>>> print(open('structure28.cif').read())   # mmCIF, C-alpha atoms and all ligand atoms
data_target
#
loop_
_atom_site.label_atom_id
_atom_site.label_comp_id
_atom_site.auth_asym_id
_atom_site.auth_seq_id
_atom_site.Cartn_x
_atom_site.Cartn_y
_atom_site.Cartn_z
CA MET A 1 -55.92 62.49 -158.00
CA LEU A 2 -53.77 62.84 -154.88
CA LYS A 3 -50.35 64.38 -155.16
CA ILE A 4 -48.08 64.62 -152.15
CA THR A 5 -44.93 66.65 -152.61
CA ASN A 6 -41.97 66.88 -150.22
CA LEU A 7 -44.10 66.49 -147.13
CA SER A 8 -42.19 66.65 -143.85
CA LYS A 9 -43.34 66.53 -140.26
CA SER A 10 -41.48 66.31 -136.97
CA PHE A 11 -42.78 65.89 -133.45
CA ASN A 12 -40.04 67.57 -131.43
CA GLU A 13 -36.93 65.54 -132.29
CA ILE A 14 -38.84 62.67 -133.93
CA ILE A 15 -38.95 62.93 -137.70
CA ALA A 16 -42.27 61.25 -138.55
CA LEU A 17 -42.32 62.19 -142.25
CA ASP A 18 -39.19 63.02 -144.15
CA ASN A 19 -39.69 64.62 -147.54
CA VAL A 20 -42.45 62.28 -148.67
CA SER A 21 -43.55 62.50 -152.30
CA LEU A 22 -46.22 60.23 -153.74
CA GLU A 23 -48.79 60.29 -156.48
CA ILE A 24 -51.96 58.25 -156.27
CA ASN A 25 -54.14 57.95 -159.33
CA SER A 26 -57.89 57.81 -159.52
CA GLY A 27 -59.25 54.28 -159.16
CA GLU A 28 -56.11 52.82 -157.64
CA PHE A 29 -55.91 50.48 -154.70
CA PHE A 30 -52.75 51.95 -153.26
CA GLY A 31 -50.85 50.31 -150.42
CA LEU A 32 -48.70 52.06 -147.87
CA LEU A 33 -46.58 49.42 -146.28
CA GLY A 34 -44.34 50.01 -143.31
CA PRO A 35 -43.42 48.82 -139.84
CA ASN A 36 -44.59 50.33 -136.54
CA GLY A 37 -43.68 53.97 -136.28
CA ALA A 38 -42.93 54.30 -140.01
CA GLY A 39 -45.20 57.34 -140.38
CA LYS A 40 -48.28 55.79 -142.00
CA THR A 41 -50.88 57.25 -139.65
CA THR A 42 -49.10 60.59 -139.63
CA LEU A 43 -49.31 60.69 -143.42
CA MET A 44 -53.02 59.84 -143.38
CA ASN A 45 -53.67 62.52 -140.79
CA HIS A 46 -52.14 65.07 -143.15
CA ILE A 47 -54.29 63.88 -146.05
CA ILE A 48 -57.47 64.52 -144.05
CA GLY A 49 -56.22 67.88 -142.82
CA PHE A 50 -55.85 66.75 -139.18
CA LEU A 51 -52.18 67.60 -138.96
CA LYS A 52 -50.19 70.59 -140.10
CA SER A 53 -47.05 69.73 -142.02
CA ASP A 54 -43.73 71.48 -141.45
CA SER A 55 -43.24 71.72 -145.20
CA GLY A 56 -44.52 70.31 -148.48
CA GLU A 57 -48.01 70.10 -149.89
CA ILE A 58 -50.85 67.75 -150.71
CA LEU A 59 -53.12 68.30 -153.68
CA LEU A 60 -56.46 66.55 -154.04
CA ASN A 61 -57.70 66.97 -157.61
CA ASN A 62 -55.32 69.93 -157.93
CA ASN A 63 -56.66 71.67 -154.83
CA ALA A 64 -54.34 72.09 -151.86
CA ILE A 65 -55.46 70.31 -148.72
CA LYS A 66 -55.30 72.80 -145.90
CA TYR A 67 -54.83 71.99 -142.26
CA GLY A 68 -58.13 72.13 -140.41
CA ASP A 69 -60.30 72.37 -143.52
CA LYS A 70 -63.48 70.45 -142.61
CA ASN A 71 -64.67 70.25 -146.20
CA ILE A 72 -62.01 67.68 -147.02
CA ARG A 73 -63.98 65.10 -145.09
CA TYR A 74 -66.83 65.31 -147.60
CA LYS A 75 -64.53 64.00 -150.30
CA ILE A 76 -62.46 61.60 -148.25
CA GLY A 77 -63.59 58.62 -146.20
CA TYR A 78 -61.34 57.70 -143.31
CA VAL A 79 -61.22 54.45 -141.39
CA PRO A 80 -59.04 55.29 -138.38
CA GLN A 81 -56.58 52.85 -136.88
CA GLU A 82 -58.29 53.23 -133.50
CA ILE A 83 -61.92 52.16 -133.58
CA ALA A 84 -64.19 55.10 -132.81
CA LEU A 85 -67.73 53.98 -132.00
CA TYR A 86 -70.38 54.56 -129.34
CA GLN A 87 -70.23 51.23 -127.52
CA GLU A 88 -73.60 51.51 -125.76
CA LEU A 89 -75.53 52.36 -128.92
CA SER A 90 -76.68 50.06 -131.69
CA ALA A 91 -74.85 49.77 -135.00
CA TYR A 92 -77.76 51.53 -136.67
CA LYS A 93 -77.70 54.43 -134.20
CA ASN A 94 -73.94 54.81 -134.70
CA LEU A 95 -74.45 55.05 -138.45
CA LYS A 96 -77.21 57.63 -137.94
CA ILE A 97 -75.09 59.79 -135.65
CA PHE A 98 -71.90 59.71 -137.72
CA GLY A 99 -73.84 59.97 -140.98
CA SER A 100 -75.65 63.10 -139.80
CA LEU A 101 -72.30 64.91 -139.71
CA PHE A 102 -72.44 65.05 -143.49
CA ASN A 103 -74.71 67.08 -145.69
CA LEU A 104 -76.99 64.26 -146.72
CA SER A 105 -80.77 64.44 -146.88
CA LYS A 106 -82.55 62.17 -144.43
CA LYS A 107 -83.72 60.02 -147.31
CA GLU A 108 -80.25 59.69 -148.79
CA LEU A 109 -78.69 58.94 -145.42
CA ASN A 110 -81.23 56.18 -144.73
CA LYS A 111 -80.64 54.72 -148.15
CA ASN A 112 -76.87 54.77 -147.65
CA ILE A 113 -77.15 53.24 -144.19
CA ASP A 114 -79.11 50.30 -145.59
CA LYS A 115 -76.67 49.95 -148.47
CA THR A 116 -73.53 50.00 -146.34
CA LEU A 117 -75.03 47.66 -143.73
CA GLU A 118 -75.54 45.19 -146.56
CA LEU A 119 -72.02 45.73 -147.84
CA VAL A 120 -70.42 45.10 -144.45
CA GLN A 121 -72.81 42.22 -143.78
CA LEU A 122 -74.24 43.63 -140.58
CA THR A 123 -77.87 44.13 -141.59
CA ASP A 124 -79.10 41.38 -139.28
CA ARG A 125 -77.12 42.80 -136.36
CA LYS A 126 -77.97 46.45 -136.88
CA SER A 127 -80.05 46.69 -133.69
CA SER A 128 -77.39 45.15 -131.43
CA ALA A 129 -75.28 47.36 -129.17
CA VAL A 130 -71.74 47.76 -130.45
CA LYS A 131 -70.32 46.50 -127.14
CA GLU A 132 -71.72 43.08 -128.06
CA PHE A 133 -69.79 43.03 -131.34
CA SER A 134 -66.61 41.09 -132.03
CA GLY A 135 -63.46 42.97 -133.01
CA GLY A 136 -64.07 42.13 -136.67
CA MET A 137 -67.67 43.37 -136.56
CA LYS A 138 -66.56 46.66 -135.01
CA ARG A 139 -64.00 47.07 -137.77
CA ARG A 140 -66.69 46.45 -140.37
CA LEU A 141 -68.98 49.01 -138.75
CA ASN A 142 -66.10 51.49 -138.66
CA LEU A 143 -65.70 50.91 -142.38
CA ALA A 144 -69.43 51.37 -143.03
CA ILE A 145 -69.36 54.73 -141.25
CA SER A 146 -66.46 55.93 -143.35
CA ILE A 147 -68.29 55.43 -146.66
CA LEU A 148 -71.77 56.71 -145.76
CA HIS A 149 -71.19 59.97 -147.60
CA ASN A 150 -70.03 58.37 -150.89
CA PRO A 151 -66.42 59.60 -150.74
CA GLU A 152 -64.25 59.53 -153.88
CA ILE A 153 -61.30 58.33 -151.92
CA LEU A 154 -61.10 56.07 -148.91
CA LEU A 155 -58.21 55.93 -146.46
CA CYS A 156 -57.97 52.74 -144.42
CA ASP A 157 -55.46 52.71 -141.59
CA GLU A 158 -54.60 49.09 -140.76
CA PRO A 159 -58.24 47.98 -140.90
CA THR A 160 -57.53 44.32 -140.19
CA VAL A 161 -55.44 44.53 -137.03
CA GLY A 162 -56.98 42.34 -134.33
CA VAL A 163 -59.47 40.83 -136.74
CA ASP A 164 -60.26 37.13 -137.11
CA PRO A 165 -59.48 35.56 -140.52
CA GLN A 166 -63.13 35.41 -141.56
CA SER A 167 -63.80 39.09 -140.91
CA ARG A 168 -60.46 39.88 -142.49
CA ASN A 169 -61.53 38.22 -145.72
CA ALA A 170 -64.89 39.97 -145.54
CA ILE A 171 -63.09 43.32 -145.20
CA PHE A 172 -60.88 42.52 -148.19
CA GLU A 173 -63.89 41.65 -150.30
CA MET A 174 -65.74 44.81 -149.29
CA LEU A 175 -62.80 47.01 -150.12
CA GLN A 176 -62.28 45.29 -153.45
CA GLU A 177 -65.95 45.76 -154.24
CA LEU A 178 -65.74 49.47 -153.35
CA ASN A 179 -62.65 49.82 -155.48
CA GLN A 180 -64.44 48.17 -158.40
CA GLN A 181 -67.23 50.71 -157.96
CA GLY A 182 -64.59 53.36 -158.63
CA ILE A 183 -63.52 54.48 -155.15
CA THR A 184 -59.79 55.13 -154.87
CA ILE A 185 -58.37 53.34 -151.85
CA ILE A 186 -55.27 54.05 -149.81
CA TYR A 187 -54.56 51.21 -147.49
CA THR A 188 -51.89 51.10 -144.80
CA THR A 189 -50.66 47.86 -143.40
CA HIS A 190 -47.63 46.15 -142.02
CA TYR A 191 -48.84 42.81 -143.37
CA MET A 192 -46.92 42.09 -146.54
CA GLU A 193 -49.34 39.49 -147.80
CA GLU A 194 -52.26 41.94 -147.56
CA ALA A 195 -50.41 44.48 -149.62
CA GLU A 196 -49.49 41.83 -152.20
CA ARG A 197 -53.04 40.57 -152.42
CA LEU A 198 -54.94 43.85 -152.55
CA CYS A 199 -52.87 46.65 -153.95
CA ASN A 200 -52.18 47.42 -157.59
CA ARG A 201 -49.47 49.87 -156.58
CA LEU A 202 -47.72 50.46 -153.32
CA ALA A 203 -45.09 52.39 -151.47
CA ILE A 204 -42.82 51.11 -148.74
CA ILE A 205 -42.34 53.62 -145.94
CA ASP A 206 -39.72 53.33 -143.25
CA GLY A 207 -38.49 55.89 -140.77
CA GLY A 208 -40.72 58.53 -142.39
CA GLN A 209 -39.21 58.02 -145.84
CA ILE A 210 -40.63 56.41 -148.94
CA ILE A 211 -37.93 53.90 -149.73
CA ALA A 212 -39.59 52.38 -152.80
CA SER A 213 -42.82 52.59 -154.73
CA GLY A 214 -44.44 51.03 -157.77
CA SER A 215 -46.33 47.90 -158.73
CA LEU A 216 -45.51 44.63 -157.02
CA MET A 217 -43.46 43.71 -160.08
CA ASP A 218 -41.55 47.01 -159.93
CA LEU A 219 -40.69 46.32 -156.32
CA LEU A 220 -39.73 42.69 -156.87
CA ASN A 221 -37.49 43.86 -159.70
CA LYS A 222 -35.34 45.60 -157.11
CA LEU A 223 -34.16 42.17 -156.07
CA ASP A 224 -31.30 40.48 -157.87
CA SER A 225 -33.26 37.24 -157.96
CA LYS A 226 -37.00 36.56 -158.12
CA GLU A 227 -36.54 33.53 -155.94
CA THR A 228 -35.20 33.09 -152.46
CA LEU A 229 -33.18 30.23 -151.19
CA LYS A 230 -33.71 29.20 -147.60
CA ILE A 231 -32.20 26.48 -145.47
CA HIS A 232 -34.13 25.20 -142.47
CA LYS A 233 -32.18 25.50 -139.26
CA THR A 234 -31.45 22.11 -137.77
CA PRO A 235 -28.39 20.78 -135.95
CA GLU A 236 -27.08 19.56 -139.33
CA SER A 237 -27.40 22.89 -141.10
CA ILE A 238 -26.16 24.86 -138.08
CA GLU A 239 -23.02 22.76 -138.17
CA LEU A 240 -22.58 23.58 -141.86
CA TYR A 241 -23.02 27.33 -141.34
CA GLU A 242 -19.34 28.15 -141.90
CA LYS A 243 -19.31 26.20 -145.15
CA LEU A 244 -22.46 27.94 -146.36
CA THR A 245 -20.88 31.34 -145.76
CA LYS A 246 -18.15 30.36 -148.25
CA ILE A 247 -20.65 30.51 -151.13
CA SER A 248 -23.22 33.03 -149.95
CA THR A 249 -24.22 35.86 -147.70
CA ILE A 250 -26.55 34.58 -144.99
CA ASN A 251 -29.43 36.34 -143.26
CA GLU A 252 -30.34 34.46 -140.16
CA PHE A 253 -33.93 34.11 -138.96
CA ASP A 254 -35.51 32.17 -136.09
CA PHE A 255 -35.98 28.94 -137.99
CA LYS A 256 -34.21 29.49 -141.29
CA TYR A 257 -31.14 30.83 -143.00
CA GLU A 258 -31.73 32.85 -146.10
CA LEU A 259 -28.89 32.52 -148.59
CA ILE A 260 -27.88 35.09 -151.13
CA PRO A 261 -25.47 33.13 -153.32
CA ASN A 262 -22.17 34.64 -154.44
CA LYS A 263 -21.53 35.41 -158.09
CA ASP A 264 -19.94 32.01 -158.75
CA PHE A 265 -22.92 30.13 -157.38
CA GLN A 266 -25.84 31.70 -159.21
CA LYS A 267 -26.96 28.48 -160.89
CA TYR A 268 -28.96 25.95 -158.94
CA SER A 269 -26.84 23.14 -160.42
CA GLN A 270 -23.72 24.71 -158.88
CA LEU A 271 -25.46 25.24 -155.56
CA TYR A 272 -26.86 21.73 -155.34
CA LYS A 273 -23.49 20.26 -156.23
CA TYR A 274 -21.93 22.23 -153.38
CA PHE A 275 -24.71 21.25 -150.95
CA GLU A 276 -24.12 17.63 -151.84
CA GLU A 277 -20.37 17.98 -151.35
CA ILE A 278 -20.74 19.42 -147.87
CA GLY A 279 -23.46 16.90 -146.97
CA LEU A 280 -26.44 19.23 -146.56
CA PRO A 281 -29.65 17.14 -146.58
CA SER A 282 -31.74 18.22 -149.55
CA ASP A 283 -34.99 18.27 -147.57
CA LEU A 284 -33.67 21.27 -145.63
CA ILE A 285 -33.50 23.36 -148.79
CA GLU A 286 -36.45 25.55 -149.73
CA ILE A 287 -36.77 27.70 -152.81
CA SER A 288 -39.67 30.12 -152.91
CA ARG A 289 -40.91 33.02 -154.95
CA ALA A 290 -39.52 36.29 -153.63
CA SER A 291 -42.04 38.45 -151.77
CA LEU A 292 -42.39 42.00 -150.53
CA GLU A 293 -40.84 40.77 -147.31
CA ASP A 294 -37.67 40.09 -149.26
CA VAL A 295 -37.84 43.51 -150.90
CA PHE A 296 -38.14 45.15 -147.49
CA LEU A 297 -35.23 43.12 -146.16
CA HIS A 298 -33.16 43.97 -149.22
CA LEU A 299 -33.84 47.71 -148.90
CA THR A 300 -33.56 48.08 -145.13
CA GLY A 301 -31.56 45.12 -143.90
CA ARG A 302 -34.43 44.44 -141.48
CA ARG A 303 -37.67 42.50 -141.47
CA ILE A 304 -41.10 43.94 -140.80
CA ARG A 305 -42.21 42.31 -137.60
CA ASP A 306 -45.85 41.83 -136.66
N1 LIG B 1 -48.76 63.20 -131.74
C1 LIG B 1 -47.52 62.72 -131.72
N2 LIG B 1 -46.61 63.21 -130.86
C2 LIG B 1 -45.34 62.75 -130.84
N3 LIG B 1 -44.88 61.81 -131.66
C3 LIG B 1 -45.73 61.28 -132.54
C4 LIG B 1 -47.10 61.69 -132.63
N4 LIG B 1 -47.71 61.00 -133.60
C5 LIG B 1 -46.77 60.16 -134.12
N5 LIG B 1 -45.58 60.34 -133.48
C6 LIG B 1 -44.32 59.63 -133.80
O1 LIG B 1 -44.12 59.68 -135.18
C7 LIG B 1 -43.64 58.44 -135.67
C8 LIG B 1 -44.60 57.90 -136.72
O2 LIG B 1 -45.81 57.50 -136.10
P1 LIG B 1 -47.05 56.94 -136.89
O3 LIG B 1 -48.17 56.79 -135.90
O4 LIG B 1 -47.31 57.78 -138.07
O5 LIG B 1 -46.52 55.52 -137.34
P2 LIG B 1 -47.29 54.32 -138.06
O6 LIG B 1 -46.53 53.97 -139.28
O7 LIG B 1 -48.72 54.65 -138.20
O8 LIG B 1 -47.09 53.15 -136.99
P3 LIG B 1 -48.10 51.96 -136.54
O9 LIG B 1 -47.92 50.86 -137.55
O10 LIG B 1 -47.55 51.56 -135.19
O11 LIG B 1 -49.48 52.51 -136.47
C9 LIG B 1 -43.48 57.55 -134.46
O12 LIG B 1 -42.13 57.63 -134.04
C10 LIG B 1 -44.39 58.16 -133.45
O13 LIG B 1 -43.94 57.92 -132.14
MG MG B 2 -50.42 53.87 -137.49
#
>>> encode(input="structure28.cif", output="structure tokens", more="lines below")
Ligand SMILES: Nc1ncnc2c1ncn2[C@@H]1O[C@H](COP(=O)(O)OP(=O)(O)OP(=O)(O)O)[C@@H](O)[C@H]1O
Ligand SMILES: [Mg+2]
Amino acid sequence: MLKITNLSKSFNEIIALDNVSLEINSGEFFGLLGPNGAGKTTLMNHIIGFLKSDSGEILLNNNAIKYGDKNIRYKIGYVPQEIALYQELSAYKNLKIFGSLFNLSKKELNKNIDKTLELVQLTDRKSSAVKEFSGGMKRRLNLAISILHNPEILLCDEPTVGVDPQSRNAIFEMLQELNQQGITIIYTTHYMEEAERLCNRLAIIDGGQIIASGSLMDLLNKLDSKETLKIHKTPESIELYEKLTKISTINEFDFKYELIPNKDFQKYSQLYKYFEEIGLPSDLIEISRASLEDVFLHLTGRRIRD
């Protein structure tokens, strides 16, 4: 459906996108995961024709997306990272104004406004001024506006930043519902757990480059082990640090050490025997399923920070 090939973009000396290639299939819930400044918004701005690339191309259903082409917006819904609403006007009025930018009959627009208000659960607040809304409600209204014209594909740029947990869940459910109705979704986030929960396929972007892509399983398969071994940092474990380095490589975090055991200590029985020998209390040991966070760390040597 969407094919991005060798897309590059620099802003003066900053390389925002570096030879990005990606293919997104119809009906997918595709995640674009990356830290601040990774190039996520820049990529989205190219997909909607807002930015001109230095090189490369984007095809939507085999048609090239051209910079400045307004017709793209009829096919693509876009939920921008920055909320764009008329604060003084009611939710309903905002929907009317933004909806009138598309070629919908009055009847169809009204129908879609009612439908999307229901979907984003704002029907009972439709007459309130936006300035009275919470952050989560504004995000939901932003989302409603982006789908008024029945787009085939919806781009969501970090739609849950600054949103309370309840609205966050509501947004997840709405997007999943839209996806089930057949809308292709591209979703950027720097929250690993969101990407894991929502996306059937995803790409990790860092420094303008796609460093990995595939299903969650594909990405987890990049790790040597599907589990991670962590040791809580306490005075006891800090004292044993040197001894732990003898059997593993250690990544140090605020409250934990993450251990990547050496070849000779791959089995838990060997590890536990060693921990017992050096006197590491067993309640400091934590084994958990590996996550995207671990994949990111493995690929970049860094953690995505919120
Ligand atoms: N208009 C611009 N002029 C100059 N530099 C820009 C511009 N837009 C983006 N950049 C730079 O390009 C890089 C990528 O920015 P982008 O906004 O795409 O990142 P992002 O992944 O969306 O980050 P965030 O998670 O913070 O939203 C950054 O280094 C940013 O400073
Ligand atoms: Mg961004």
>>> closest_atom_pairs(input="structure28.cif", of="chain A", to="ligand MG 2 (chain B)", cutoff="8 Å", atoms="only C-alpha atoms and all ligand atoms", output="CSV")
residue,atom,partner,partner_atom,distance
A:Asn36,CA,B:MG2,MG,6.9
A:Gly37,CA,B:MG2,MG,6.8
A:Ala38,CA,B:MG2,MG,7.9
A:Gly39,CA,B:MG2,MG,6.9
A:Lys40,CA,B:MG2,MG,5.3
A:Thr41,CA,B:MG2,MG,4.0
A:Thr42,CA,B:MG2,MG,7.2
A:Gln81,CA,B:MG2,MG,6.3
A:Asp157,CA,B:MG2,MG,6.6
A:Glu158,CA,B:MG2,MG,7.1
A:Thr188,CA,B:MG2,MG,8.0
>>> closest_atom_pairs(input="structure28.cif", of="chain A", to="ligand LIG 1 (chain B)", cutoff="12 Å", atoms="all atoms listed in the file", output="tab-separated table")
residue	atom	partner	partner_atom	distance
A:Ser8	CA	B:LIG1	O1	11.3
A:Lys9	CA	B:LIG1	O1	8.6
A:Ser10	CA	B:LIG1	O1	7.4
A:Phe11	CA	B:LIG1	C2	4.8
A:Asn12	CA	B:LIG1	C2	7.2
A:Glu13	CA	B:LIG1	N3	8.8
A:Ile14	CA	B:LIG1	O12	6.0
A:Ile15	CA	B:LIG1	O1	6.6
A:Ala16	CA	B:LIG1	O1	4.2
A:Leu17	CA	B:LIG1	C8	7.4
A:Asp18	CA	B:LIG1	C8	10.5
A:Leu32	CA	B:LIG1	O6	9.1
A:Leu33	CA	B:LIG1	O6	8.3
A:Gly34	CA	B:LIG1	O6	6.1
A:Pro35	CA	B:LIG1	O9	5.4
A:Asn36	CA	B:LIG1	O10	3.5
A:Gly37	CA	B:LIG1	O5	3.4
A:Ala38	CA	B:LIG1	O6	3.7
A:Gly39	CA	B:LIG1	O4	3.2
A:Lys40	CA	B:LIG1	O6	3.7
A:Thr41	CA	B:LIG1	O7	3.7
A:Thr42	CA	B:LIG1	O4	3.7
A:Leu43	CA	B:LIG1	O4	6.4
A:Met44	CA	B:LIG1	O4	8.1
A:Asn45	CA	B:LIG1	O4	8.4
A:His46	CA	B:LIG1	O4	10.1
A:Phe50	CA	B:LIG1	N1	10.9
A:Leu51	CA	B:LIG1	N1	9.1
A:Lys52	CA	B:LIG1	N1	11.2
A:Pro80	CA	B:LIG1	O11	10.1
A:Gln81	CA	B:LIG1	O11	7.1
A:Glu82	CA	B:LIG1	O11	9.3
A:Cys156	CA	B:LIG1	O7	11.3
A:Asp157	CA	B:LIG1	O7	7.8
A:Glu158	CA	B:LIG1	O11	7.5
A:Pro159	CA	B:LIG1	O11	10.8
A:Thr160	CA	B:LIG1	O9	11.9
A:Val161	CA	B:LIG1	O9	9.8
A:Tyr187	CA	B:LIG1	O7	11.5
A:Thr188	CA	B:LIG1	O7	8.1
A:Thr189	CA	B:LIG1	O9	7.1
A:His190	CA	B:LIG1	O9	6.5
A:Tyr191	CA	B:LIG1	O9	10.0
A:Ile204	CA	B:LIG1	O6	10.6
A:Ile205	CA	B:LIG1	O6	7.9
A:Asp206	CA	B:LIG1	O6	7.9
A:Gly207	CA	B:LIG1	C8	7.6
A:Gly208	CA	B:LIG1	C8	6.9
A:Gln209	CA	B:LIG1	C8	10.6
A:Ile210	CA	B:LIG1	O6	11.6
A:Ile304	CA	B:LIG1	O9	10.2
A:Arg305	CA	B:LIG1	O9	10.3
A:Asp306	CA	B:LIG1	O9	9.3
>>> closest_residue(input="structure28.cif", among="A:His232, A:Arg201, A:Lys273, A:His298", to="Phe255 of chain A", atoms="all atoms listed in the file")
A:His232
>>> residues_around(input="structure28.cif", residues="segment 169-186 of chain A", least_positions_apart="4", cutoff="10 Å", atoms="all atoms listed in the file", output="VMD selection string")
chain A and resid 1 to 2 24 to 32 44 76 to 78 116 119 to 121 136 to 137 139 to 140 143 to 144 147 150 to 157 159 to 160 163 to 165 194 197 to 199 201 to 202
>>> residues_near_point(input="structure28.cif", point="(-29.0, 21.4, -137.0)", cutoff="12 Å", atoms="all atoms listed in the file", output="JSON, numbers by chain")
{"A": [231, 232, 233, 234, 235, 236, 237, 238, 239, 240, 241, 255, 256, 257, 280, 281, 284]}
